[in-house]
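**Q** Below you'll find query10.txt; it's compact mmCIF, C-alpha atoms and all ligand atoms.
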```txt
# COMPACT_ATOMS: atom_id res chain seq x y z
CA MET A 26 -4.42 -38.89 121.45
CA ILE A 27 -1.89 -38.66 118.64
CA ALA A 28 -3.25 -37.13 115.45
CA VAL A 29 -2.44 -39.24 112.43
CA ARG A 30 -2.09 -37.20 109.26
CA LYS A 31 -2.67 -38.94 105.98
CA GLN A 32 0.00 -38.36 103.37
CA GLU A 33 -1.70 -36.44 100.56
CA GLU A 34 -0.58 -36.90 97.02
CA ALA A 35 1.82 -34.09 96.09
CA VAL A 36 0.34 -31.50 93.73
CA GLU A 37 2.92 -31.04 91.02
CA SER A 38 2.56 -28.73 88.08
CA THR A 39 3.07 -30.17 84.64
CA MET A 40 2.20 -26.92 82.91
CA LYS A 41 4.58 -25.55 80.29
CA ILE A 42 5.09 -22.12 78.78
CA THR A 43 4.38 -22.38 75.05
CA LYS A 44 4.64 -18.82 73.79
CA ALA A 45 5.22 -15.23 74.94
CA GLU A 46 4.57 -12.00 73.06
CA VAL A 47 5.36 -8.33 73.62
CA PHE A 48 3.12 -5.43 72.54
CA VAL A 49 4.26 -1.78 72.59
CA GLY A 50 1.76 1.09 72.46
CA GLY A 51 -1.30 2.51 74.11
CA PRO A 52 -3.51 5.57 74.44
CA GLY A 53 -1.03 8.43 75.00
CA LYS A 54 1.59 6.04 76.44
CA ASN A 55 3.93 3.39 75.05
CA TYR A 56 2.86 0.59 77.38
CA VAL A 57 5.08 -2.50 77.06
CA THR A 58 2.79 -5.47 77.64
CA LEU A 59 3.97 -9.07 77.95
CA LYS A 60 1.58 -11.99 77.50
CA ILE A 61 2.82 -15.48 78.49
CA MET A 62 0.79 -18.45 77.18
CA THR A 63 0.78 -22.01 78.55
CA ASP A 64 -0.19 -25.42 77.21
CA GLU A 65 -3.20 -25.45 79.56
CA GLY A 66 -4.70 -22.29 78.10
CA ILE A 67 -4.02 -20.13 81.16
CA TYR A 68 -2.08 -16.97 80.33
CA GLY A 69 -0.38 -14.32 82.41
CA LEU A 70 0.23 -10.58 81.83
CA GLY A 71 3.15 -8.37 82.76
CA ASP A 72 4.13 -4.71 82.32
CA ALA A 73 7.68 -3.76 81.24
CA THR A 74 7.02 -0.07 80.54
CA LEU A 75 10.11 2.07 81.13
CA ASN A 76 9.02 5.64 80.49
CA ASN A 77 10.60 7.15 77.37
CA ARG A 78 12.90 4.16 76.89
CA GLU A 79 10.13 1.64 76.13
CA THR A 80 11.69 -0.16 73.15
CA LEU A 81 14.63 -1.33 75.27
CA PRO A 82 12.92 -3.67 77.79
CA ALA A 83 10.75 -4.86 74.87
CA ALA A 84 13.88 -5.86 72.92
CA TYR A 85 15.48 -7.38 76.03
CA LEU A 86 12.40 -9.58 76.44
CA VAL A 87 12.16 -10.61 72.80
CA ASP A 88 15.87 -11.14 72.13
CA TYR A 89 17.14 -12.62 75.40
CA LEU A 90 14.42 -13.76 77.80
CA ILE A 91 11.46 -15.16 75.89
CA PRO A 92 13.55 -17.80 74.05
CA CYS A 93 14.66 -19.14 77.48
CA LEU A 94 11.08 -19.26 78.79
CA ILE A 95 9.63 -21.67 76.25
CA GLY A 96 9.07 -25.12 77.75
CA LYS A 97 9.61 -23.94 81.34
CA ASP A 98 7.13 -24.58 84.17
CA PRO A 99 5.44 -21.20 84.89
CA CYS A 100 4.95 -22.19 88.54
CA ASN A 101 8.66 -21.82 89.31
CA SER A 102 8.65 -18.02 89.34
CA GLU A 103 11.34 -17.80 92.04
CA ASP A 104 13.77 -20.03 90.15
CA LEU A 105 13.04 -18.24 86.87
CA TRP A 106 13.66 -14.85 88.51
CA GLN A 107 17.04 -16.04 89.84
CA TYR A 108 17.83 -17.65 86.47
CA PHE A 109 17.37 -14.35 84.64
CA TYR A 110 18.90 -12.09 87.32
CA ARG A 111 21.98 -14.19 87.97
CA GLY A 112 22.16 -15.38 84.37
CA ALA A 113 22.44 -11.85 83.01
CA TYR A 114 25.84 -11.51 84.75
CA PHE A 115 25.49 -7.71 84.42
CA ARG A 116 23.09 -7.29 87.32
CA ARG A 117 20.41 -4.69 87.94
CA GLY A 118 19.70 -1.62 85.80
CA PRO A 119 16.19 -0.44 84.93
CA ILE A 120 16.02 -2.02 81.46
CA ALA A 121 16.84 -5.57 82.55
CA MET A 122 14.82 -5.24 85.77
CA ALA A 123 11.74 -4.00 83.87
CA ALA A 124 12.00 -7.03 81.57
CA PHE A 125 12.43 -9.46 84.53
CA GLY A 126 9.59 -7.63 86.29
CA ALA A 127 7.14 -8.22 83.44
CA ILE A 128 7.90 -11.96 83.41
CA ASP A 129 7.57 -12.18 87.17
CA MET A 130 4.17 -10.41 87.17
CA ALA A 131 2.89 -12.69 84.41
CA LEU A 132 3.99 -15.83 86.29
CA TRP A 133 2.29 -14.69 89.52
CA ASP A 134 -0.82 -13.95 87.42
CA ILE A 135 -0.74 -17.52 86.05
CA LYS A 136 -0.25 -19.08 89.48
CA ALA A 137 -3.10 -17.12 91.06
CA LYS A 138 -5.36 -18.05 88.12
CA MET A 139 -4.41 -21.72 88.63
CA ALA A 140 -5.29 -21.37 92.31
CA GLY A 141 -8.56 -19.65 91.37
CA MET A 142 -7.67 -16.85 93.79
CA PRO A 143 -7.02 -13.13 93.62
CA LEU A 144 -3.25 -12.63 93.83
CA TYR A 145 -3.27 -11.01 97.28
CA GLN A 146 -4.41 -14.36 98.74
CA LEU A 147 -1.06 -15.90 97.78
CA PHE A 148 0.73 -13.18 99.78
CA GLY A 149 -1.23 -13.77 102.98
CA GLY A 150 -4.62 -12.21 102.30
CA LYS A 151 -5.92 -8.68 102.78
CA SER A 152 -4.85 -6.27 105.51
CA ARG A 153 -7.33 -3.57 104.44
CA ASP A 154 -10.43 -3.07 102.28
CA GLY A 155 -9.41 -0.01 100.32
CA ALA A 156 -5.89 1.33 99.77
CA MET A 157 -5.54 5.13 99.91
CA VAL A 158 -4.29 6.68 96.67
CA TYR A 159 -3.15 10.19 95.84
CA ALA A 160 -4.00 12.26 92.79
CA HIS A 161 -1.86 14.87 91.02
CA ALA A 162 -3.05 18.48 91.35
CA THR A 163 -1.32 21.08 89.24
CA GLY A 164 -1.60 24.81 88.72
CA ALA A 165 0.14 27.33 86.50
CA ASP A 166 -0.29 29.56 89.58
CA ILE A 167 -1.62 29.14 93.10
CA ASP A 168 -5.25 29.99 92.20
CA ASP A 169 -5.23 27.31 89.51
CA LEU A 170 -3.67 24.87 91.93
CA ILE A 171 -6.37 25.57 94.53
CA ASP A 172 -9.05 24.85 91.87
CA SER A 173 -7.25 21.66 90.89
CA VAL A 174 -7.04 20.44 94.51
CA ALA A 175 -10.74 21.34 95.06
CA ASN A 176 -11.63 19.21 92.04
CA TYR A 177 -10.03 16.14 93.67
CA VAL A 178 -11.48 16.92 97.10
CA ASP A 179 -14.95 17.03 95.46
CA LYS A 180 -14.25 13.58 93.99
CA GLY A 181 -13.53 12.21 97.46
CA TYR A 182 -9.72 11.99 97.36
CA LYS A 183 -8.13 12.01 100.80
CA ALA A 184 -4.64 12.80 99.54
CA VAL A 185 -3.42 15.10 96.77
CA ARG A 186 0.04 15.87 95.41
CA VAL A 187 0.48 19.61 94.80
CA GLN A 188 2.81 21.12 92.15
CA CYS A 189 2.66 24.86 91.45
CA GLY A 190 3.99 27.32 88.88
CA ILE A 191 6.65 29.59 90.44
CA PRO A 192 6.37 33.37 89.85
CA GLY A 193 9.32 34.59 87.80
CA MET A 194 10.39 31.09 86.71
CA PRO A 195 10.99 31.45 82.94
CA SER A 196 9.29 28.14 82.05
CA SER A 197 6.94 25.71 83.67
CA SER A 198 8.63 22.98 85.64
CA TYR A 199 8.10 19.38 86.72
CA GLY A 200 4.45 18.42 87.22
CA VAL A 201 3.15 21.90 86.38
CA SER A 202 0.61 22.40 83.64
CA GLU A 203 1.40 25.27 81.29
CA THR A 204 -2.25 25.95 80.55
CA ARG A 205 -4.43 27.87 82.97
CA GLY A 206 -7.71 26.49 84.24
CA THR A 207 -8.43 23.27 86.09
CA VAL A 208 -6.79 20.25 84.52
CA ASP A 209 -8.19 16.84 85.40
CA ASN A 210 -5.49 14.17 85.61
CA TYR A 211 -2.72 16.32 84.16
CA ILE A 212 -0.27 14.19 82.20
CA THR A 213 3.00 15.57 80.80
CA ASP A 214 3.23 15.22 77.04
CA PHE A 215 6.68 13.72 76.39
CA SER A 216 6.25 13.16 72.65
CA GLY A 217 8.83 14.66 70.27
CA SER A 218 12.02 13.74 68.48
CA VAL A 219 14.32 15.54 70.96
CA PRO A 220 13.84 16.52 74.64
CA ASN A 221 12.10 19.78 75.58
CA GLU A 222 14.20 22.14 77.69
CA GLU A 223 12.99 23.79 80.91
CA ILE A 224 14.57 26.55 82.98
CA TRP A 225 14.92 25.97 86.72
CA ASP A 226 15.75 28.30 89.62
CA SER A 227 16.05 26.67 93.06
CA GLU A 228 16.07 30.00 94.94
CA LYS A 229 12.78 31.21 93.45
CA TYR A 230 11.26 27.78 94.08
CA MET A 231 12.40 27.65 97.70
CA ARG A 232 11.14 31.18 98.35
CA TYR A 233 7.70 30.64 96.82
CA MET A 234 6.65 27.09 97.78
CA PRO A 235 6.11 27.82 101.51
CA GLU A 236 3.82 30.74 100.49
CA ALA A 237 1.85 28.43 98.17
CA MET A 238 1.59 25.77 100.89
CA ASP A 239 0.36 28.41 103.35
CA LYS A 240 -2.49 29.31 100.97
CA LEU A 241 -3.35 25.64 100.43
CA ARG A 242 -3.57 24.97 104.17
CA ASP A 243 -5.61 28.19 104.65
CA THR A 244 -8.06 26.99 102.00
CA PHE A 245 -8.27 23.26 102.76
CA GLY A 246 -7.26 23.01 106.42
CA PHE A 247 -5.03 20.26 107.78
CA GLU A 248 -7.26 17.19 107.38
CA LEU A 249 -6.50 16.79 103.65
CA LYS A 250 -3.23 14.94 103.08
CA LEU A 251 -0.89 17.01 100.91
CA LEU A 252 2.20 15.64 99.18
CA HIS A 253 4.87 17.46 97.19
CA ASP A 254 7.52 16.23 94.73
CA VAL A 255 10.80 18.19 94.54
CA HIS A 256 11.86 15.88 91.71
CA HIS A 257 15.54 15.60 92.71
CA ARG A 258 16.25 19.32 92.22
CA LEU A 259 17.76 20.60 95.48
CA LEU A 260 21.30 20.31 96.83
CA PRO A 261 21.54 18.54 100.21
CA ARG A 262 21.88 21.77 102.22
CA GLU A 263 19.00 23.38 100.32
CA ALA A 264 16.88 20.27 100.82
CA ALA A 265 17.51 20.40 104.57
CA GLN A 266 16.50 24.09 104.72
CA PHE A 267 13.45 23.53 102.51
CA ALA A 268 12.32 20.51 104.55
CA ARG A 269 12.58 22.54 107.76
CA GLU A 270 10.51 25.40 106.30
CA MET A 271 7.87 23.02 104.91
CA GLU A 272 7.52 21.13 108.17
CA GLN A 273 4.83 23.46 109.55
CA TYR A 274 2.48 22.50 106.67
CA ARG A 275 2.40 18.90 107.87
CA LEU A 276 2.93 17.25 104.50
CA PHE A 277 2.11 13.56 104.15
CA TRP A 278 5.48 13.41 102.41
CA LEU A 279 8.19 15.41 100.71
CA GLU A 280 9.36 13.42 97.69
CA ASP A 281 12.83 13.20 96.14
CA PRO A 282 14.13 16.35 97.88
CA THR A 283 17.62 15.65 96.53
CA PRO A 284 18.99 13.04 94.09
CA ALA A 285 19.46 9.77 95.95
CA GLU A 286 22.79 8.78 94.41
CA ASN A 287 24.44 10.36 97.43
CA GLN A 288 22.46 8.67 100.16
CA ASP A 289 24.44 10.23 103.01
CA ALA A 290 22.92 13.56 101.96
CA LEU A 291 19.72 12.38 103.60
CA ARG A 292 21.46 12.43 107.00
CA LEU A 293 21.81 16.21 106.82
CA LEU A 294 18.11 16.52 106.05
CA ARG A 295 17.19 14.23 108.95
CA GLN A 296 19.31 16.33 111.33
CA HIS A 297 17.30 19.44 110.46
CA SER A 298 13.77 18.20 109.93
CA THR A 299 11.27 15.53 110.90
CA ILE A 300 9.33 15.93 107.62
CA PRO A 301 8.41 12.48 106.16
CA ILE A 302 10.63 11.66 103.17
CA ALA A 303 9.63 9.52 100.18
CA ILE A 304 12.29 8.27 97.77
CA GLY A 305 12.81 5.45 95.31
CA GLU A 306 10.96 5.82 92.01
CA VAL A 307 14.27 5.54 90.11
CA PHE A 308 15.59 2.61 92.16
CA ASN A 309 15.64 -0.82 90.57
CA SER A 310 16.73 -3.14 93.34
CA VAL A 311 16.92 -3.56 97.09
CA TRP A 312 20.62 -2.70 96.82
CA ASP A 313 19.67 0.88 95.87
CA CYS A 314 17.82 1.43 99.12
CA ASN A 315 18.80 -1.10 101.79
CA LYS A 316 21.03 1.51 103.47
CA LEU A 317 18.30 4.17 103.35
CA ILE A 318 15.86 1.69 104.88
CA GLU A 319 18.15 0.12 107.48
CA ASP A 320 19.42 3.51 108.67
CA GLU A 321 15.82 4.79 108.68
CA LEU A 322 16.70 7.81 106.53
CA ILE A 323 13.39 7.64 104.66
CA ASP A 324 9.76 7.10 105.63
CA PHE A 325 8.27 5.81 102.36
CA ILE A 326 9.80 3.60 99.67
CA ARG A 327 8.69 4.53 96.16
CA VAL A 328 9.86 1.62 93.99
CA ALA A 329 7.67 0.22 91.21
CA VAL A 330 7.09 -3.48 90.49
CA THR A 331 8.08 -2.85 86.86
CA TYR A 332 11.65 -1.53 86.95
CA ALA A 333 12.38 -2.93 90.42
CA GLY A 334 12.19 -6.42 88.95
CA GLY A 335 8.64 -7.57 89.68
CA ILE A 336 6.60 -8.83 92.58
CA THR A 337 9.18 -11.35 93.86
CA PRO A 338 11.95 -8.85 94.80
CA VAL A 339 9.55 -6.00 95.70
CA LYS A 340 7.67 -8.15 98.20
CA ARG A 341 10.98 -8.96 99.92
CA LEU A 342 11.84 -5.26 99.92
CA VAL A 343 8.48 -4.40 101.52
CA ASP A 344 9.25 -6.86 104.32
CA LEU A 345 12.68 -5.29 104.88
CA ALA A 346 11.06 -1.82 104.96
CA GLY A 347 8.48 -3.02 107.48
CA MET A 348 11.25 -3.95 109.92
CA HIS A 349 12.46 -0.32 109.86
CA ASN A 350 9.24 1.69 110.08
CA VAL A 351 9.33 2.46 106.36
CA ARG A 352 5.95 2.32 104.62
CA THR A 353 5.15 1.74 100.95
CA GLY A 354 4.29 4.49 98.50
CA PHE A 355 4.74 2.73 95.17
CA HIS A 356 5.40 4.76 92.05
CA GLY A 357 2.24 5.07 89.96
CA ALA A 358 2.99 7.73 87.36
CA PRO A 359 0.78 7.50 84.23
CA SER A 360 3.54 5.56 82.47
CA HIS A 361 2.63 2.43 84.47
CA SER A 362 0.07 0.28 82.74
CA PRO A 363 -2.97 -1.07 84.58
CA ILE A 364 -1.12 -4.41 84.76
CA SER A 365 1.66 -3.22 87.08
CA MET A 366 -0.86 -1.02 88.90
CA ALA A 367 -2.93 -4.15 89.53
CA ALA A 368 0.17 -6.00 90.80
CA GLN A 369 0.82 -3.07 93.15
CA GLY A 370 -2.87 -3.07 94.10
CA HIS A 371 -2.53 -6.66 95.33
CA LEU A 372 0.66 -5.85 97.24
CA ASN A 373 -1.08 -2.81 98.76
CA ALA A 374 -4.04 -4.94 99.86
CA TRP A 375 -1.64 -7.28 101.68
CA ALA A 376 1.30 -5.15 102.92
CA PRO A 377 1.19 -4.66 106.69
CA ASN A 378 3.32 -1.53 106.18
CA PHE A 379 1.24 -0.03 103.35
CA GLY A 380 1.42 3.78 103.20
CA ILE A 381 -0.23 5.19 100.08
CA GLN A 382 -0.38 4.55 96.30
CA GLU A 383 0.19 7.07 93.51
CA TYR A 384 -2.58 6.40 91.00
CA LEU A 385 -3.38 8.04 87.70
CA VAL A 386 -4.39 5.52 85.08
CA LEU A 387 -7.91 4.35 85.97
CA GLY A 388 -10.81 6.04 84.31
CA THR A 389 -9.94 6.83 80.71
CA PRO A 390 -12.26 4.89 78.36
CA GLU A 391 -9.40 4.06 75.95
CA CYS A 392 -7.24 2.65 78.73
CA ASP A 393 -10.15 0.64 80.15
CA ALA A 394 -10.86 -0.78 76.67
CA LEU A 395 -7.25 -1.90 76.22
CA PHE A 396 -6.95 -3.27 79.77
CA PRO A 397 -10.42 -4.39 80.96
CA SER A 398 -10.37 -4.86 84.72
CA SER A 399 -12.67 -5.13 87.68
CA HIS A 400 -10.59 -3.10 90.13
CA THR A 401 -12.49 -0.05 91.36
CA MET A 402 -11.72 3.36 92.81
CA THR A 403 -14.14 5.06 95.16
CA ASP A 404 -13.56 8.06 97.41
CA GLY A 405 -9.82 7.99 96.84
CA LEU A 406 -9.50 4.31 97.78
CA PHE A 407 -8.38 1.53 95.43
CA HIS A 408 -10.42 -1.64 95.87
CA VAL A 409 -8.63 -4.64 94.50
CA SER A 410 -10.70 -7.08 92.47
CA ASP A 411 -11.51 -10.61 93.69
CA GLU A 412 -11.09 -12.14 90.23
CA PRO A 413 -8.48 -14.90 90.03
CA GLY A 414 -5.01 -13.59 89.15
CA LEU A 415 -4.06 -9.95 88.73
CA GLY A 416 -7.65 -9.05 87.84
CA VAL A 417 -6.75 -7.25 84.62
CA ASP A 418 -6.91 -8.40 81.01
CA PHE A 419 -5.42 -7.18 77.73
CA ASP A 420 -7.47 -6.76 74.53
CA GLU A 421 -5.20 -7.63 71.60
CA ASN A 422 -7.68 -6.26 69.05
CA GLU A 423 -7.71 -2.87 70.79
CA ALA A 424 -3.91 -3.01 70.88
CA LYS A 425 -3.85 -2.97 67.06
CA ARG A 426 -4.98 0.70 67.22
CA TYR A 427 -1.70 1.77 68.81
CA SER A 428 1.98 1.82 67.97
CA TYR A 429 5.16 3.26 69.46
CA VAL A 430 5.42 7.08 69.54
CA GLN A 431 8.85 8.55 70.27
CA GLY A 432 9.20 10.68 73.40
CA PHE A 433 11.78 12.03 75.83
CA HIS A 434 11.86 13.33 79.37
CA PRO A 435 12.58 17.06 79.24
CA VAL A 436 15.93 18.34 80.46
CA ALA A 437 16.24 21.19 82.95
CA ARG A 438 18.83 23.96 82.79
CA LEU A 439 19.65 26.87 85.07
CA GLU A 440 19.21 30.34 83.52
CA ASP A 441 22.92 30.48 82.60
CA GLY A 442 22.58 27.22 80.65
CA THR A 443 24.01 24.84 83.26
CA LEU A 444 22.37 21.45 82.98
CA TRP A 445 20.35 20.50 86.08
CA ASN A 446 18.25 17.56 87.25
CA TYR A 447 14.89 17.04 85.54
O1 LIG A 501 9.36 8.85 84.02
C1 LIG A 501 9.47 9.82 84.99
C2 LIG A 501 8.16 10.01 85.71
O2 LIG A 501 7.64 8.78 86.07
C3 LIG A 501 8.33 10.86 86.95
O3 LIG A 501 8.74 12.12 86.54
C4 LIG A 501 7.05 10.93 87.72
O4 LIG A 501 8.16 11.89 89.60
C5 LIG A 501 7.20 11.30 89.14
C6 LIG A 501 6.12 10.92 90.04
O5 LIG A 501 6.29 11.15 91.23
O6 LIG A 501 5.12 10.39 89.57
MG MG A 502 8.22 11.62 91.73
```
Could you render the structure as structure tokens?
Ligand code: KDG
Ligand code: MG
**A**
Amino acid sequence: MIAVRKQEEAVESTMKITKAEVFVGGPGKNYVTLKIMTDEGIYGLGDATLNNRETLPAAYLVDYLIPCLIGKDPCNSEDLWQYFYRGAYFRRGPIAMAAFGAIDMALWDIKAKMAGMPLYQLFGGKSRDGAMVYAHATGADIDDLIDSVANYVDKGYKAVRVQCGIPGMPSSSYGVSETRGTVDNYITDFSGSVPNEEIWDSEKYMRYMPEAMDKLRDTFGFELKLLHDVHHRLLPREAAQFAREMEQYRLFWLEDPTPAENQDALRLLRQHSTIPIAIGEVFNSVWDCNKLIEDELIDFIRVAVTYAGGITPVKRLVDLAGMHNVRTGFHGAPSHSPISMAAQGHLNAWAPNFGIQEYLVLGTPECDALFPSSHTMTDGLFHVSDEPGLGVDFDENEAKRYSYVQGFHPVARLEDGTLWNY
């Protein structure tokens, strides 16, 4: 019998974008929040926060993108992404990509709300119930670090990033709290009118970190997943040596061992170590990492939906990564607002090649008041909400409490004054 299918009436959107606004500020962070309104009352939210350069994507949105959005159909997110990306002529770059990313998130939010579905349903549904996240442990010395890790283990985290003060290092370095005693959710204070300066010594670091890792494994065993961020500070040969020495501690990943501008440097590391490598938090397009992925020089891709241009390009990148055994490990530093973290939460729920999620924003009452949401975290797993859309809102009245506060990333110098990588 031949099945006869009735021609259904095509469902066409007649919705129009009527207005879009940008808000800058937040509790301890300059979140850049975009709200896109439509003539049918549905609105969408996006995050354009670019840490310590926040006013720039905000201006890009207000001066160049929002005027082109008015009157457009919010359902055509693909065409609008191409319109802005190709239309800019000067392609890529974190400022433009963060601005495109915020629009893209907001349009996906609108479409999922129209569908009455949580966003992950539009990607292909859920591949898992809870997505594993990692917390940031920090210690001015190893004893402090052990206390900090224990604090997260007690809270049920399955994975913890460990950053430790180095004996003899003249100042604290990336991810290391200067104050002694357990610090819950340590967040670097970037505020100030000029950058702070730190002193860095790769030799001292490379000598001490294996000793610290040894103590951590002695204390916590091998079941707990440990991660470590080198924060771009080693030369390729040093990174290869360091990776080889760290291999015995079975890290979940070693992050940014060397700056990724020179991607061939990763080949040297691969020749000397099988340690899993995570890279990509400073990348803003697939063109920054297609070679790393296709040549399988990394194990985890660390892009963020904000400055990698939004959900549309990141989802394509995740598919490319999946073809090459590269898993996701999206950037989730505290500078990301709960909006982009929600977008990543939906991608994490779907991605067949999900790895882990860095997560630091949930849980502060001020942040929850500004961005009410029904996503939950239990036992180190992020459970994405089943509300239609991104599952996060933005309270404009709360937003009135905050304004932009100037801040800078610190700069790092060697002891002789030579400028190094932060
Ligand atoms: O803006 C820079 C921070 O996001 C970065 O230093 C954080 O390396 C980082 C991480 O892994 O979270
Ligand atoms: Mg990092």
**Q** Neighbours of ligand MG 502 (chain A) at 7 Å or closer, counting only C-alpha atoms and all ligand atoms: which residues, as a list in words?
**A**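 Those within range of ligand MG 502 (chain A) are Asp254, His256, Glu280, Asp281 and Glu306 of chain A.
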**Q** Selected residues, C-alpha atoms, written as a short mmCIF file (atom, residue, chain, number, x, y, z; two decimals), in the frame of the given file, please.
**A**
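Generated file (out15.cif):
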```
data_model
loop_
_atom_site.label_atom_id
_atom_site.label_comp_id
_atom_site.auth_asym_id
_atom_site.auth_seq_id
_atom_site.Cartn_x
_atom_site.Cartn_y
_atom_site.Cartn_z
CA ASP A 254 7.52 16.23 94.73
CA HIS A 256 11.86 15.88 91.71
CA GLU A 280 9.36 13.42 97.69
CA ASP A 281 12.83 13.20 96.14
CA GLU A 306 10.96 5.82 92.01
#
```
**Q** Calculated over only C-alpha atoms and all ligand atoms, which of the candidates A:Tyr145, A:Tyr108, A:Tyr429, A:Tyr159 has the smallest distance to ligand LIG 501 (chain A)?
**A**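 Closest residue, counting only C-alpha atoms and all ligand atoms: A:Tyr159.
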**Q** I'd like to know which of A:Ile135, A:Ala84, A:Ala265, A:Ile91 is closest to A:Pro413, using all atoms listed in the file.
**A**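 Smallest distance to A:Pro413 is found for A:Ile135.
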**Q** Distance table requested - chain A against ligand LIG 501 (chain A), cut-off 7 Å, only C-alpha atoms and all ligand atoms: one row per qualifying residue with the closest atom pair and its distance in Å to one decimal, ordered by chain and rising residue number, as CSV.
**A**
```
residue,atom,partner,partner_atom,distance
A:Asn76,CA,A:LIG501,O1,4.8
A:Asn77,CA,A:LIG501,O1,7.0
A:Asp254,CA,A:LIG501,O5,6.3
A:His256,CA,A:LIG501,O4,5.8
A:His356,CA,A:LIG501,O6,6.2
A:Gly357,CA,A:LIG501,O6,6.1
A:Ala358,CA,A:LIG501,O6,4.1
A:Ser360,CA,A:LIG501,O2,6.3
A:His434,CA,A:LIG501,O1,6.9
```
**Q** Using all atoms listed in the file, which of A:Met142, A:Asn309, A:Leu444, A:Leu105 sits nearest A:Gly334?
**A**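 Among the listed residues, A:Asn309 lies closest to A:Gly334.
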